[in-house]
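**Q** Coordinates in work.cif, mmCIF, C-alpha atoms and all ligand atoms, are listed below.
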data_my_file
#
loop_
_atom_site.label_atom_id
_atom_site.label_comp_id
_atom_site.auth_asym_id
_atom_site.auth_seq_id
_atom_site.Cartn_x
_atom_site.Cartn_y
_atom_site.Cartn_z
CA MET A 309 181.36 93.42 102.08
CA ASN A 310 181.92 89.67 102.59
CA ASN A 311 179.25 87.15 103.54
CA PHE A 312 176.27 89.41 103.02
CA ASN A 313 173.47 88.76 100.55
CA PHE A 314 173.28 92.43 99.67
CA THR A 315 175.35 95.38 98.59
CA PHE A 316 174.89 98.99 99.55
CA ASN A 317 174.29 102.01 97.35
CA ALA A 318 175.43 105.07 99.32
CA THR A 319 173.72 107.51 96.97
CA ALA A 320 170.43 106.46 98.62
CA CYS A 321 171.58 108.36 101.74
CA ASN A 322 171.10 111.64 99.90
CA THR A 323 167.34 111.22 99.68
CA CYS A 324 166.39 108.72 102.38
CA GLY A 325 165.91 111.27 105.15
CA GLY A 326 168.07 109.43 107.66
CA LYS A 327 166.06 106.30 108.36
CA CYS A 328 169.00 104.75 110.23
CA CYS A 329 169.15 107.71 112.63
CA THR A 330 165.41 107.99 113.31
CA GLY A 331 162.35 105.89 114.12
CA GLU A 332 161.66 103.69 117.11
CA SER A 333 163.73 104.30 120.20
CA GLY A 334 167.01 102.40 120.20
CA TYR A 335 170.61 102.56 121.27
CA ILE A 336 173.54 104.19 119.53
CA PHE A 337 176.39 102.51 121.33
CA CYS A 338 179.77 104.23 121.65
CA SER A 339 183.11 103.12 122.98
CA ILE A 340 185.14 105.36 125.27
CA THR A 341 187.48 106.15 122.36
CA GLU A 342 184.53 107.07 120.16
CA MET A 343 183.12 109.33 122.88
CA GLU A 344 186.51 111.01 123.18
CA GLN A 345 186.59 111.55 119.42
CA ILE A 346 183.08 113.04 119.37
CA SER A 347 183.73 115.32 122.34
CA ALA A 348 186.94 116.55 120.67
CA PHE A 349 185.06 117.10 117.40
CA LEU A 350 182.46 119.15 119.30
CA LYS A 351 185.22 120.94 121.24
CA LEU A 352 183.51 119.95 124.49
CA PRO A 353 185.29 118.69 127.62
CA PHE A 354 184.74 114.92 127.86
CA ASN A 355 182.74 115.14 131.11
CA GLU A 356 180.49 117.83 129.75
CA PHE A 357 179.93 115.82 126.57
CA THR A 358 178.98 112.64 128.42
CA GLN A 359 176.66 114.47 130.84
CA LYS A 360 174.88 116.17 127.97
CA TYR A 361 174.75 113.49 125.27
CA VAL A 362 175.39 110.03 126.69
CA LYS A 363 173.42 107.56 128.80
CA LYS A 364 174.64 104.41 130.47
CA VAL A 365 172.99 101.18 129.36
CA GLY A 366 174.15 98.36 131.62
CA TYR A 367 177.91 98.36 131.17
CA LYS A 368 177.70 100.16 127.81
CA PHE A 369 177.19 103.75 126.69
CA SER A 370 174.69 105.10 124.18
CA LEU A 371 174.13 108.49 122.63
CA ILE A 372 170.79 109.87 123.76
CA GLU A 373 167.79 110.53 121.50
CA LYS A 374 165.39 113.40 120.93
CA PRO A 375 161.73 113.42 119.83
CA TYR A 376 161.27 113.45 116.06
CA ASN A 377 158.08 113.06 114.01
CA ASN A 378 156.24 111.30 116.84
CA GLU A 379 159.17 108.90 117.16
CA TYR A 380 162.82 109.48 117.98
CA ALA A 381 166.06 110.63 116.39
CA CYS A 382 169.63 110.39 117.53
CA ILE A 383 170.60 113.55 119.36
CA PHE A 384 173.11 114.27 116.56
CA PHE A 385 170.63 113.91 113.72
CA ASP A 386 170.26 117.30 112.06
CA LYS A 387 166.54 117.80 111.48
CA GLU A 388 167.14 120.44 108.82
CA THR A 389 169.63 118.63 106.58
CA LYS A 390 168.36 115.17 107.66
CA LYS A 391 171.96 114.06 108.04
CA CYS A 392 174.39 113.22 110.81
CA SER A 393 175.96 116.33 112.34
CA ILE A 394 179.00 114.36 113.58
CA TYR A 395 179.43 112.27 110.44
CA ASP A 396 183.23 112.14 110.43
CA VAL A 397 183.35 110.82 113.99
CA ARG A 398 180.13 108.78 114.08
CA PRO A 399 180.39 105.54 116.09
CA LYS A 400 181.28 102.20 114.51
CA GLN A 401 177.67 101.08 114.89
CA CYS A 402 176.69 103.84 112.46
CA ARG A 403 179.68 103.44 110.15
CA THR A 404 179.01 99.73 109.66
CA PHE A 405 175.26 100.01 109.02
CA PRO A 406 173.64 98.17 107.22
CA PHE A 407 176.34 95.50 107.39
CA TRP A 408 175.33 94.31 110.85
CA ASP A 409 175.59 90.67 111.90
CA GLY A 410 171.83 90.51 112.42
CA PHE A 411 171.30 91.24 108.71
CA ARG A 412 173.90 88.76 107.48
CA ASP A 413 171.47 86.00 106.56
CA THR A 414 168.98 88.25 104.82
CA THR A 415 166.69 86.34 102.51
CA SER A 416 164.41 87.60 99.77
CA GLU A 417 161.54 87.36 102.31
CA ASP A 418 163.34 89.77 104.65
CA TYR A 419 164.25 92.12 101.86
CA GLU A 420 161.12 94.28 101.85
CA LEU A 421 161.43 94.84 105.59
CA LEU A 422 165.11 95.65 105.26
CA LEU A 423 164.45 98.05 102.40
CA LYS A 424 162.04 99.96 104.63
CA MET A 425 164.86 100.33 107.15
CA CYS A 426 167.50 101.26 104.57
CA PRO A 427 166.69 102.06 100.94
CA GLY A 428 170.39 101.80 100.07
CA ILE A 429 170.31 98.02 100.40
CA GLU A 430 170.43 96.17 97.09
CA LEU A 431 169.80 92.47 97.19
CA ASP A 432 172.42 90.36 95.47
CA LYS A 433 170.06 87.83 93.92
CA LYS A 434 172.80 85.49 92.73
CA ASP A 435 173.62 84.68 96.37
CA MET A 436 170.04 83.82 97.35
S1 LIG B 501 169.00 104.26 106.14
FE1 LIG B 501 170.48 103.54 104.62
S2 LIG B 501 170.20 104.89 102.85
FE2 LIG B 501 169.27 105.89 104.64
S3 LIG B 501 170.87 107.21 105.46
FE3 LIG B 501 170.95 105.27 106.57
S4 LIG B 501 172.49 104.07 105.45
FE4 LIG B 501 171.86 105.74 104.09
S1 LIG B 502 175.68 109.39 115.35
FE1 LIG B 502 175.09 110.21 113.37
S2 LIG B 502 174.92 108.42 112.04
FE2 LIG B 502 174.86 107.68 114.16
S3 LIG B 502 172.68 107.58 114.68
FE3 LIG B 502 173.47 109.58 115.35
S4 LIG B 502 172.99 110.96 113.66
FE4 LIG B 502 172.88 108.86 112.87
#
When written as structure tokens, how does the structure in this file appear?
**A**
Amino acid sequence: MNNFNFTFNATACNTCGGKCCTGESGYIFCSITEMEQISAFLKLPFNEFTQKYVKKVGYKFSLIEKPYNNEYACIFFDKETKKCSIYDVRPKQCRTFPFWDGFRDTTSEDYELLLKMCPGIELDKKDM
């Protein structure tokens, strides 16, 4: 991925327990197209899907959360497998993690914090 100080090792997802889908409360933003794709994947009418799984945040839409280990998890986080239950149609926000703009200027000082959020991140020391 261009202009990032780190690379990503996807094998870490197998053992990480879904840190990017759990933790403090947050937003999992979805576009209308993404919501249509998820509702089709779940074989739910669009209106039923949005009433059940989506909340409005200002002018945007977010998937809702559920309680998990005294914190929160995305409603589509499977507590048994510790994986996303809608993986093939997960929103762009999820597909692009951890390559988010806010992480672009990661420095070695930020690295420990970032590693706690995503153990798949591998710092590219030559770019520091
Ligand atoms: S936090 Fe990182 S390593 Fe863990 S599941 Fe998410 S992307 Fe994979
Ligand atoms: S949609 Fe899937 S990948 Fe995205 S936060 Fe929810 S469980 Fe995680």
**Q** Which is closer to ligand LIG 502 (chain B) than all the others in A:Arg412, A:Lys374, A:Lys424, A:Lys364, using all atoms listed in the file?
**A**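 Smallest distance to ligand LIG 502 (chain B) is found for A:Lys374.
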**Q** Residues at most 9 Å from ligand LIG 502 (chain B), using all atoms listed in the file? Could they come as a PyMOL selection string?
**A** chain A and resi 326-330+335-337+371-373+381-386+390-403+405
**Q** Show me which residues line ligand LIG 501 (chain B), defined as having an atom within 8 Å of a ligand atom where all atoms listed in the file count, and present them as a ChimeraX atom specification.
**A** /A:317-329,391,405-406,425-429
**Q** Do you have the atom CA of A:Lys368-atom CA of A:Met343 distance handy?
**A**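 Spanning atom CA of A:Lys368 to atom CA of A:Met343 is a straight-line distance of 11.7 Å.
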**Q** Point out the residue among A:Phe354, A:Asp432, A:Tyr376, A:Thr315 with the least atom-to-atom distance to A:Phe407, counting all atoms listed in the file.
**A**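 When distances to A:Phe407 are compared using all atoms listed in the file, the smallest one comes from A:Thr315.
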**Q** Could you tell me how far atom CA of A:Gly331 sits from atom CA of A:Leu422, in Å to one decimal place?
**A** 13.8 Å
**Q** Give me the residues within 9 Å of A:Thr414 as a ChimeraX atom specification, counting all atoms listed in the file and dropping any in the same chain fewer than 4 places off.
**A** /A:312-314,410,418-419,422,431,436
**Q** When you draw a straight line from atom CA of A:Pro375 to atom CA of A:Ser339, how long is it in Å?
**A** 23.9 Å
**Q** Would you give the centre and edge lengths, in Å to one decimal, of a box along x, y and z around the listed atoms of stretch 354-361 of chain A, with 6 Å added to each side, as AutoDock Vina command-line options?
**A**
--center_x 179.7 --center_y 115.2 --center_z 128.2 --size_x 22.0 --size_y 17.2 --size_z 17.8
**Q** Taking all atoms listed in the file into account, which of A:Glu388, A:Glu420, A:Glu379, A:Asp409 comes nearest A:Ser333?
**A**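 Checking each candidate against A:Ser333, we get A:Glu379 as the closest.
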**Q** How would stretch 402-426 of chain A look with N, CA, C and O atoms restored, written as a compact mmCIF listing (two decimals), in the frame of the given file?
**A**
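See result.txt below for the written result:
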# COMPACT_ATOMS: atom_id res chain seq x y z
N CYS A 402 177.26 103.07 113.57
CA CYS A 402 176.69 103.84 112.46
C CYS A 402 177.50 103.63 111.19
O CYS A 402 176.94 103.51 110.10
N ARG A 403 178.82 103.58 111.33
CA ARG A 403 179.68 103.44 110.15
C ARG A 403 179.49 102.09 109.47
O ARG A 403 179.66 101.97 108.26
N THR A 404 179.13 101.07 110.24
CA THR A 404 179.01 99.73 109.66
C THR A 404 177.60 99.41 109.17
O THR A 404 177.40 98.41 108.50
N PHE A 405 176.63 100.25 109.49
CA PHE A 405 175.26 100.01 109.02
C PHE A 405 175.21 100.11 107.50
O PHE A 405 175.81 101.03 106.93
N PRO A 406 174.51 99.26 106.76
CA PRO A 406 173.64 98.17 107.22
C PRO A 406 174.32 96.81 107.32
O PRO A 406 173.64 95.79 107.39
N PHE A 407 175.65 96.79 107.33
CA PHE A 407 176.34 95.50 107.39
C PHE A 407 176.50 95.05 108.84
O PHE A 407 177.61 94.96 109.38
N TRP A 408 175.37 94.80 109.47
CA TRP A 408 175.33 94.31 110.85
C TRP A 408 175.13 92.80 110.84
O TRP A 408 174.44 92.26 109.95
N ASP A 409 175.69 92.14 111.84
CA ASP A 409 175.59 90.67 111.90
C ASP A 409 174.15 90.19 111.80
O ASP A 409 173.86 89.18 111.17
N GLY A 410 173.24 90.93 112.42
CA GLY A 410 171.83 90.51 112.42
C GLY A 410 171.21 90.49 111.03
O GLY A 410 170.18 89.86 110.81
N PHE A 411 171.83 91.18 110.08
CA PHE A 411 171.30 91.24 108.71
C PHE A 411 172.05 90.30 107.77
O PHE A 411 171.79 90.24 106.59
N ARG A 412 173.00 89.56 108.32
CA ARG A 412 173.90 88.76 107.48
C ARG A 412 173.16 87.72 106.65
O ARG A 412 173.48 87.50 105.49
N ASP A 413 172.16 87.08 107.26
CA ASP A 413 171.47 86.00 106.56
C ASP A 413 170.16 86.47 105.93
O ASP A 413 169.18 85.74 105.90
N THR A 414 170.17 87.70 105.45
CA THR A 414 168.98 88.25 104.82
C THR A 414 168.52 87.37 103.65
O THR A 414 169.32 86.97 102.82
N THR A 415 167.24 87.10 103.62
CA THR A 415 166.69 86.34 102.51
C THR A 415 165.77 87.26 101.70
O THR A 415 165.48 88.38 102.13
N SER A 416 165.29 86.77 100.59
CA SER A 416 164.41 87.60 99.77
C SER A 416 163.14 87.95 100.54
O SER A 416 162.54 88.99 100.33
N GLU A 417 162.73 87.08 101.49
CA GLU A 417 161.54 87.36 102.31
C GLU A 417 161.78 88.55 103.24
O GLU A 417 160.87 89.33 103.53
N ASP A 418 163.01 88.67 103.72
CA ASP A 418 163.34 89.77 104.65
C ASP A 418 163.56 91.08 103.91
O ASP A 418 163.59 92.15 104.51
N TYR A 419 163.74 90.98 102.61
CA TYR A 419 164.25 92.12 101.86
C TYR A 419 163.36 93.35 101.96
O TYR A 419 163.84 94.46 102.17
N GLU A 420 162.03 93.14 101.82
CA GLU A 420 161.12 94.28 101.85
C GLU A 420 161.23 95.03 103.18
O GLU A 420 161.25 96.25 103.22
N LEU A 421 161.31 94.24 104.25
CA LEU A 421 161.43 94.84 105.59
C LEU A 421 162.74 95.63 105.70
O LEU A 421 162.77 96.75 106.21
N LEU A 422 163.80 95.03 105.19
CA LEU A 422 165.11 95.65 105.26
C LEU A 422 165.15 96.94 104.42
O LEU A 422 165.74 97.94 104.83
N LEU A 423 164.50 96.88 103.28
CA LEU A 423 164.45 98.05 102.40
C LEU A 423 163.75 99.21 103.08
O LEU A 423 164.10 100.37 102.87
N LYS A 424 162.74 98.90 103.90
CA LYS A 424 162.04 99.96 104.63
C LYS A 424 162.99 100.60 105.64
O LYS A 424 162.89 101.78 105.95
N MET A 425 163.90 99.80 106.18
CA MET A 425 164.86 100.33 107.15
C MET A 425 165.98 101.10 106.46
O MET A 425 166.49 102.07 107.00
N CYS A 426 166.37 100.63 105.28
CA CYS A 426 167.50 101.26 104.57
C CYS A 426 167.32 101.10 103.07
O CYS A 426 167.58 100.03 102.52
